[in-house]
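A.B. asks: final_10.tsv (TSV, C-alpha atoms and all ligand atoms) pasted underneath:
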chain	number	residue	atom	x	y	z
A	1	MET	CA	107.14	80.98	151.06
A	2	PRO	CA	110.08	79.51	153.00
A	3	THR	CA	113.49	81.08	152.37
A	4	THR	CA	116.59	79.08	151.44
A	5	ASP	CA	117.51	78.52	155.08
A	6	GLY	CA	114.00	77.35	155.99
A	7	THR	CA	112.96	80.55	157.82
A	8	ASP	CA	109.31	81.41	157.38
A	9	THR	CA	109.17	84.53	155.17
A	10	GLY	CA	105.57	85.24	156.16
A	11	ARG	CA	106.52	85.36	159.83
A	12	LEU	CA	109.39	87.81	159.11
A	13	ARG	CA	107.11	89.99	156.99
A	14	ARG	CA	104.61	90.16	159.87
A	15	TYR	CA	107.47	90.99	162.27
A	16	TRP	CA	108.60	93.95	160.14
A	17	ASP	CA	105.03	95.09	159.43
A	18	LYS	CA	104.40	95.21	163.18
A	19	HIS	CA	107.63	97.12	163.89
A	20	ALA	CA	107.31	99.60	161.02
A	21	PRO	CA	105.55	102.38	162.99
A	22	ALA	CA	108.33	102.48	165.64
A	23	TYR	CA	111.26	101.86	163.26
A	24	ASP	CA	112.27	105.44	162.43
A	25	ARG	CA	112.24	106.54	166.07
A	26	GLN	CA	114.42	103.59	167.12
A	27	MET	CA	116.79	103.81	164.15
A	28	GLN	CA	117.31	107.54	164.68
A	29	PHE	CA	119.17	106.68	167.91
A	30	PHE	CA	121.50	104.18	166.20
A	31	ASP	CA	122.06	106.47	163.19
A	32	ARG	CA	123.15	109.24	165.54
A	33	HIS	CA	125.26	107.27	168.03
A	34	LEU	CA	126.58	104.20	166.17
A	35	PHE	CA	126.40	104.43	162.39
A	36	GLY	CA	127.77	107.96	161.97
A	37	ASP	CA	127.69	109.25	158.40
A	38	SER	CA	127.30	105.77	156.87
A	39	ARG	CA	124.11	106.58	154.95
A	40	ALA	CA	125.73	109.56	153.26
A	41	TRP	CA	128.95	107.54	152.72
A	42	VAL	CA	127.05	104.79	150.91
A	43	CYS	CA	124.55	106.82	148.91
A	44	SER	CA	126.99	109.47	147.70
A	45	GLN	CA	128.82	106.71	145.75
A	46	ALA	CA	125.68	105.51	143.93
A	47	THR	CA	125.41	106.23	140.21
A	48	GLY	CA	123.09	105.43	137.30
A	49	ASP	CA	120.41	102.76	137.74
A	50	VAL	CA	120.38	102.01	141.46
A	51	LEU	CA	118.66	99.18	143.31
A	52	GLU	CA	118.28	99.45	147.07
A	53	VAL	CA	117.60	96.03	148.58
A	54	ALA	CA	115.51	95.96	151.79
A	55	ILE	CA	114.94	99.71	151.60
A	56	GLY	CA	112.78	99.69	154.73
A	57	THR	CA	111.23	103.08	155.51
A	58	GLY	CA	113.56	104.81	153.04
A	59	ARG	CA	115.99	106.34	155.52
A	60	ASN	CA	118.63	106.59	152.78
A	61	LEU	CA	116.44	108.47	150.30
A	62	ALA	CA	117.56	111.97	151.20
A	63	PHE	CA	121.23	111.03	150.71
A	64	TYR	CA	121.13	109.93	147.05
A	65	PRO	CA	122.55	112.32	144.47
A	66	GLU	CA	120.11	113.96	142.07
A	67	GLY	CA	120.04	112.11	138.80
A	68	VAL	CA	120.22	108.49	140.01
A	69	ARG	CA	117.30	106.33	138.87
A	70	LEU	CA	116.27	104.56	142.06
A	71	THR	CA	114.40	101.28	142.54
A	72	GLY	CA	113.72	99.90	146.03
A	73	ILE	CA	112.38	96.59	147.26
A	74	ASP	CA	111.42	95.33	150.70
A	75	LEU	CA	109.64	92.35	152.18
A	76	SER	CA	107.33	94.45	154.36
A	77	PRO	CA	104.39	96.40	152.91
A	78	ALA	CA	104.18	98.51	156.10
A	79	MET	CA	107.84	99.57	155.83
A	80	LEU	CA	107.26	100.37	152.14
A	81	ASP	CA	104.21	102.54	152.99
A	82	ILE	CA	106.44	104.75	155.13
A	83	ALA	CA	109.08	104.83	152.37
A	84	ARG	CA	106.38	105.96	149.88
A	85	ARG	CA	105.42	108.80	152.23
A	86	ARG	CA	109.10	109.83	152.38
A	87	VAL	CA	109.40	109.74	148.60
A	88	ARG	CA	106.43	112.13	148.33
A	89	GLN	CA	107.81	114.46	151.02
A	90	LEU	CA	111.18	114.61	149.26
A	91	GLY	CA	109.56	115.09	145.85
A	92	ARG	CA	111.61	112.27	144.34
A	93	THR	CA	110.69	109.55	141.85
A	94	VAL	CA	111.44	106.07	143.16
A	95	ASP	CA	110.10	102.74	141.94
A	96	LEU	CA	109.14	100.89	145.15
A	97	SER	CA	107.79	97.36	145.33
A	98	GLU	CA	107.49	94.32	147.53
A	99	GLY	CA	110.23	91.77	146.93
A	100	ASP	CA	112.46	89.15	148.51
A	101	ALA	CA	116.22	89.72	148.62
A	102	HIS	CA	116.79	85.97	148.18
A	103	ALA	CA	115.20	86.00	144.71
A	104	LEU	CA	115.24	89.48	143.16
A	105	ALA	CA	112.62	89.96	140.44
A	106	PHE	CA	115.03	91.65	138.00
A	107	PRO	CA	116.95	90.32	135.01
A	108	ASP	CA	120.70	89.73	135.20
A	109	ALA	CA	122.89	92.83	134.82
A	110	SER	CA	120.11	95.45	135.20
A	111	PHE	CA	121.73	97.92	137.65
A	112	ASP	CA	124.87	100.07	137.86
A	113	THR	CA	124.75	100.17	141.67
A	114	VAL	CA	123.21	97.97	144.36
A	115	VAL	CA	122.84	99.38	147.88
A	116	CYS	CA	121.94	97.54	151.07
A	117	THR	CA	122.18	99.12	154.53
A	118	PHE	CA	121.57	97.57	157.95
A	119	SER	CA	119.59	94.71	156.43
A	120	LEU	CA	122.06	91.87	155.81
A	121	CYS	CA	121.83	91.39	159.60
A	122	ALA	CA	118.11	90.68	159.15
A	123	ILE	CA	117.87	88.80	155.86
A	124	PRO	CA	117.83	85.06	156.66
A	125	ASP	CA	120.41	83.92	154.07
A	126	GLU	CA	122.77	86.87	153.60
A	127	ARG	CA	125.06	84.97	151.22
A	128	GLN	CA	122.18	84.20	148.86
A	129	ALA	CA	121.10	87.86	149.04
A	130	ILE	CA	124.61	89.06	148.11
A	131	ALA	CA	124.74	86.51	145.26
A	132	GLU	CA	121.46	87.97	143.97
A	133	MET	CA	122.86	91.51	144.24
A	134	ARG	CA	125.83	90.36	142.17
A	135	ARG	CA	123.57	88.77	139.56
A	136	VAL	CA	121.55	91.96	138.97
A	137	LEU	CA	124.66	94.18	138.84
A	138	ARG	CA	126.12	95.02	135.46
A	139	PRO	CA	129.76	93.97	134.92
A	140	GLY	CA	131.83	96.77	136.45
A	141	GLY	CA	128.86	97.77	138.63
A	142	ARG	CA	129.21	98.70	142.27
A	143	LEU	CA	127.93	97.10	145.47
A	144	LEU	CA	127.60	99.49	148.44
A	145	LEU	CA	126.96	98.03	151.90
A	146	ALA	CA	126.82	99.24	155.49
A	147	ASP	CA	125.88	97.08	158.45
A	148	HIS	CA	126.54	96.20	162.04
A	149	ILE	CA	128.82	93.15	162.17
A	150	VAL	CA	130.70	90.94	164.59
A	151	SER	CA	132.88	93.14	166.82
A	152	SER	CA	136.67	93.06	166.86
A	153	SER	CA	136.53	93.24	170.69
A	154	TRP	CA	136.06	89.89	172.53
A	155	LEU	CA	133.99	91.57	175.24
A	156	ALA	CA	131.60	93.10	172.72
A	157	ARG	CA	131.46	89.77	170.85
A	158	ALA	CA	130.37	88.06	174.07
A	159	GLY	CA	127.59	90.65	174.41
A	160	GLN	CA	126.58	90.11	170.77
A	161	ARG	CA	126.40	86.35	171.36
A	162	LEU	CA	124.05	86.89	174.31
A	163	LEU	CA	121.93	89.39	172.37
A	164	GLU	CA	121.45	86.90	169.53
A	165	LEU	CA	119.92	84.38	171.94
A	166	VAL	CA	116.95	86.76	172.04
A	167	THR	CA	117.05	88.62	168.73
A	168	ILE	CA	117.39	85.68	166.32
A	169	PRO	CA	114.31	83.77	167.55
A	170	LEU	CA	112.36	87.04	167.95
A	171	GLY	CA	112.95	88.77	164.63
A	172	GLY	CA	115.84	87.09	162.82
A	173	GLU	CA	118.33	89.83	163.79
A	174	HIS	CA	121.98	88.68	163.69
A	175	PHE	CA	124.90	90.47	165.38
A	176	ARG	CA	127.87	88.27	164.45
A	177	ARG	CA	127.79	88.28	160.66
A	178	ARG	CA	130.51	89.63	158.33
A	179	PRO	CA	129.11	90.37	154.83
A	180	LEU	CA	132.66	91.25	153.65
A	181	GLU	CA	133.59	87.54	153.67
A	182	HIS	CA	130.76	86.68	151.25
A	183	VAL	CA	131.43	89.74	149.09
A	184	HIS	CA	135.04	88.60	148.77
A	185	ALA	CA	134.14	84.93	148.17
A	186	LEU	CA	131.65	85.92	145.45
A	187	GLY	CA	134.45	87.51	143.43
A	188	PHE	CA	133.89	91.23	144.01
A	189	GLU	CA	136.88	93.58	144.09
A	190	ILE	CA	136.81	95.47	147.40
A	191	GLN	CA	137.44	99.14	146.59
A	192	ARG	CA	136.81	100.79	149.97
A	193	GLN	CA	136.34	99.30	153.42
A	194	GLU	CA	135.89	101.12	156.72
A	195	ARG	CA	135.25	99.57	160.14
A	196	PHE	CA	134.68	101.49	163.41
A	197	LYS	CA	132.97	101.57	166.87
A	198	LEU	CA	134.82	98.51	168.28
A	199	GLY	CA	134.64	97.03	164.81
A	200	ILE	CA	130.84	96.79	165.08
A	201	VAL	CA	130.08	98.92	162.01
A	202	GLU	CA	131.49	98.14	158.58
A	203	ARG	CA	130.89	99.82	155.24
A	204	LEU	CA	132.10	98.62	151.88
A	205	ALA	CA	132.29	99.64	148.26
A	206	ALA	CA	132.98	96.68	145.99
A	207	ARG	CA	133.03	96.24	142.22
A	208	LYS	CA	131.71	93.36	140.15
A	209	PRO	CA	134.58	92.54	137.77
A	210	ALA	CA	133.96	93.82	134.25
A	211	ALA	CA	134.80	90.49	132.64
A	212	SER	CA	132.73	88.33	135.02
A	213	SER	CA	129.71	86.25	134.08
A	214	ALA	CA	126.30	87.15	135.60
B	1	LIG	C1	116.78	96.81	159.98
B	1	LIG	S1	115.71	97.13	158.64
B	1	LIG	C2	116.75	98.15	157.59
B	1	LIG	C3	115.96	99.05	156.68
B	1	LIG	C4	116.78	100.03	155.83
B	1	LIG	N1	117.63	99.34	154.90
B	1	LIG	C5	117.60	100.99	156.65
B	1	LIG	O1	118.79	101.18	156.35
B	1	LIG	O2	117.05	101.63	157.57
B	1	LIG	C6	115.70	95.58	157.82
B	1	LIG	C7	114.77	95.55	156.61
B	1	LIG	O3	114.99	94.32	155.91
B	1	LIG	C8	113.77	93.90	155.37
B	1	LIG	N2	113.89	92.48	155.02
B	1	LIG	C9	114.10	91.43	155.84
B	1	LIG	N3	114.17	90.29	155.14
B	1	LIG	C10	114.03	90.63	153.83
B	1	LIG	C11	114.03	89.89	152.62
B	1	LIG	N4	114.20	88.57	152.61
B	1	LIG	N5	113.86	90.55	151.46
B	1	LIG	C12	113.68	91.90	151.43
B	1	LIG	N6	113.66	92.66	152.57
B	1	LIG	C13	113.85	92.03	153.75
B	1	LIG	C14	112.76	94.20	156.45
B	1	LIG	O4	111.44	94.23	155.98
B	1	LIG	C15	113.27	95.56	156.94
B	1	LIG	O5	112.65	96.61	156.23
Let me see the file written as structure tokens.
C.D. replies:
Amino acid sequence: MPTTDGTDTGRLRRYWDKHAPAYDRQMQFFDRHLFGDSRAWVCSQATGDVLEVAIGTGRNLAFYPEGVRLTGIDLSPAMLDIARRRVRQLGRTVDLSEGDAHALAFPDASFDTVVCTFSLCAIPDERQAIAEMRRVLRPGGRLLLADHIVSSSWLARAGQRLLELVTIPLGGEHFRRRPLEHVHALGFEIQRQERFKLGIVERLAARKPAASSA
């Protein structure tokens, strides 16, 4: 199935299936040295019925408060297999299934919180994905994001531009995106925003207005 920007979804799924076994080892490095406490920052603000989009291997699972009802989707069955193992190890109940962030298989206004971490850099059409997150959020519901974004330093931006020459054709990984702009344009109220590490990491808490349409 092609995505809205023409990228081949099957090819991306195979990419993430192939990289699933090495993902946790690689991500551990970035969690420790670049992303800081972003997983705890995001998950601690989740309440009620929570959807995590592109949940990957479930690296956020341990950070959710007890009592949230968690649903997770991802494009890659191999990433989801690892997430299922984590769910069992943690003794939690999580509804995990295969799904595409561009067209979420949930009715309008079904969740109190939508979470997405370090995936809007990898989802082909990030604006469409954020529009879908907005659709499935209840009015007044909260969007929680963390990702690596375009740096505020020109030198780092030059490096990111070079990196993308390799990473976009290889696995669809973008380094110069800014989800905040789409979140703002889609009518969310930004409640909290933090940016650090040369402006490369940004995390957001935003609210879907209570009076808005789906
Ligand atoms: C860099 S990993 C991040 C995983 C996880 N969110 C984390 O914080 O560690 C990117 C994830 O996005 C998923 N992904 C990419 N495109 C997707 C799409 N269109 N729909 C759903 N998941 C997608 C990949 O399968 C992969 O698991």
A.B. asks: Env of Ala101 in chain A: 12 Å cut, atoms = all atoms listed in the file, seq-sep filter 4 positions within chain, self excluded. Answer as a PDB file with C-alpha atoms, in the frame of the given file.
C.D. replies:
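selection-v8.pdb, freshly written:
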ATOM      1  CA  THR A   3     113.490  81.080 152.370  1.00  0.00           C
ATOM      2  CA  THR A   4     116.590  79.080 151.440  1.00  0.00           C
ATOM      3  CA  THR A   9     109.170  84.530 155.170  1.00  0.00           C
ATOM      4  CA  LEU A  51     118.660  99.180 143.310  1.00  0.00           C
ATOM      5  CA  GLU A  52     118.280  99.450 147.070  1.00  0.00           C
ATOM      6  CA  VAL A  53     117.600  96.030 148.580  1.00  0.00           C
ATOM      7  CA  ALA A  54     115.510  95.960 151.790  1.00  0.00           C
ATOM      8  CA  ILE A  55     114.940  99.710 151.600  1.00  0.00           C
ATOM      9  CA  GLY A  72     113.720  99.900 146.030  1.00  0.00           C
ATOM     10  CA  ILE A  73     112.380  96.590 147.260  1.00  0.00           C
ATOM     11  CA  ASP A  74     111.420  95.330 150.700  1.00  0.00           C
ATOM     12  CA  LEU A  75     109.640  92.350 152.180  1.00  0.00           C
ATOM     13  CA  SER A  76     107.330  94.450 154.360  1.00  0.00           C
ATOM     14  CA  SER A  97     107.790  97.360 145.330  1.00  0.00           C
ATOM     15  CA  ALA A 105     112.620  89.960 140.440  1.00  0.00           C
ATOM     16  CA  PHE A 106     115.030  91.650 138.000  1.00  0.00           C
ATOM     17  CA  VAL A 114     123.210  97.970 144.360  1.00  0.00           C
ATOM     18  CA  VAL A 115     122.840  99.380 147.880  1.00  0.00           C
ATOM     19  CA  CYS A 116     121.940  97.540 151.070  1.00  0.00           C
ATOM     20  CA  SER A 119     119.590  94.710 156.430  1.00  0.00           C
ATOM     21  CA  LEU A 120     122.060  91.870 155.810  1.00  0.00           C
ATOM     22  CA  ALA A 122     118.110  90.680 159.150  1.00  0.00           C
ATOM     23  CA  ILE A 123     117.870  88.800 155.860  1.00  0.00           C
ATOM     24  CA  PRO A 124     117.830  85.060 156.660  1.00  0.00           C
ATOM     25  CA  ASP A 125     120.410  83.920 154.070  1.00  0.00           C
ATOM     26  CA  GLU A 126     122.770  86.870 153.600  1.00  0.00           C
ATOM     27  CA  ARG A 127     125.060  84.970 151.220  1.00  0.00           C
ATOM     28  CA  GLN A 128     122.180  84.200 148.860  1.00  0.00           C
ATOM     29  CA  ALA A 129     121.100  87.860 149.040  1.00  0.00           C
ATOM     30  CA  ILE A 130     124.610  89.060 148.110  1.00  0.00           C
ATOM     31  CA  ALA A 131     124.740  86.510 145.260  1.00  0.00           C
ATOM     32  CA  GLU A 132     121.460  87.970 143.970  1.00  0.00           C
ATOM     33  CA  MET A 133     122.860  91.510 144.240  1.00  0.00           C
ATOM     34  CA  ARG A 134     125.830  90.360 142.170  1.00  0.00           C
ATOM     35  CA  ARG A 135     123.570  88.770 139.560  1.00  0.00           C
ATOM     36  CA  VAL A 136     121.550  91.960 138.970  1.00  0.00           C
TER      37      VAL A 136
END
A.B. asks: Would you compute the distance between CA of Ile190 in chain A and CA of Ala205 in chain A? Give it in Å to one decimal.
C.D. replies: 6.2 Å
A.B. asks: Return the single residue from A:Leu96, A:Cys121, A:Val201, A:Ala158 that is closest to Phe175 in chain A, with distances computed using all atoms listed in the file.
C.D. replies: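 Closest to Phe175 in chain A, using all atoms listed in the file: A:Cys121.
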A.B. asks: Taking into account all atoms listed in the file, which residue in the set A:Gly141, A:Gly199, A:Pro209, A:Gly171 is nearest to Gly187 in chain A?
C.D. replies: A:Pro209
A.B. asks: Name the closest residue to Arg69 in chain A among the candidates A:Ser44, A:Thr113, A:Gln89, A:Thr167; distances are taken between atoms, counting only C-alpha atoms.
C.D. replies: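 Result for the nearest residue to Arg69 in chain A: A:Thr113.
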A.B. asks: To one decimal place, how far is CA of Asp112 in chain A from CA of Leu137 in chain A in Å?
C.D. replies: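 Computing the Euclidean distance for CA of Asp112 in chain A and CA of Leu137 in chain A yields 6.0 Å.
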A.B. asks: Report, in Å to a single decimal, how far apart atom N3 of ligand LIG 1 (chain B) and CA of Asn60 in chain A are.
C.D. replies: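 The value is 17.1 Å.
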A.B. asks: Choose the residue, out of A:Gly159, A:Gly172, A:Pro139, A:Gly56, that has the smallest atom-to-atom separation from ligand LIG 1 (chain B); count only C-alpha atoms and all ligand atoms.
C.D. replies: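 So, comparing all the options, the nearest one is A:Gly56.
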A.B. asks: With all atoms listed in the file as the atoms that count, which of A:Pro77, A:Pro107, A:Gly48, A:Gly67 lies nearest to Pro21 in chain A?
C.D. replies: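 Ranked by minimum distance to Pro21 in chain A, first place goes to A:Pro77.
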A.B. asks: For ligand LIG 1 (chain B), which residue out of A:Ala103, A:Ala156, A:Ala109, A:Leu34 is the nearest one, using all atoms listed in the file?
C.D. replies: A:Ala103
A.B. asks: Please identify all polymer residues within 6 Å of Arg178 in chain A, counting only C-alpha atoms, omitting same-chain residues fewer than 2 positions from it, and present them as a list in words.
C.D. replies: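 So the residues in contact are Ile149, Leu180 and Glu181 of chain A.
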A.B. asks: Listed atoms of range 61-66 of chain A, axis-aligned box, 6 Å per side: centre and edge lengths to one decimal in Å, as JSON?
C.D. replies:
{"center_x": 119.5, "center_y": 111.2, "center_z": 146.6, "size_x": 18.1, "size_y": 17.5, "size_z": 21.1}
A.B. asks: Excluding same-chain residues fewer than 6 positions from Arg92 in chain A, what lies within 9 Å of it counting all atoms listed in the file, as JSON, numbers by chain?
C.D. replies: {"A": [61, 66, 86]}
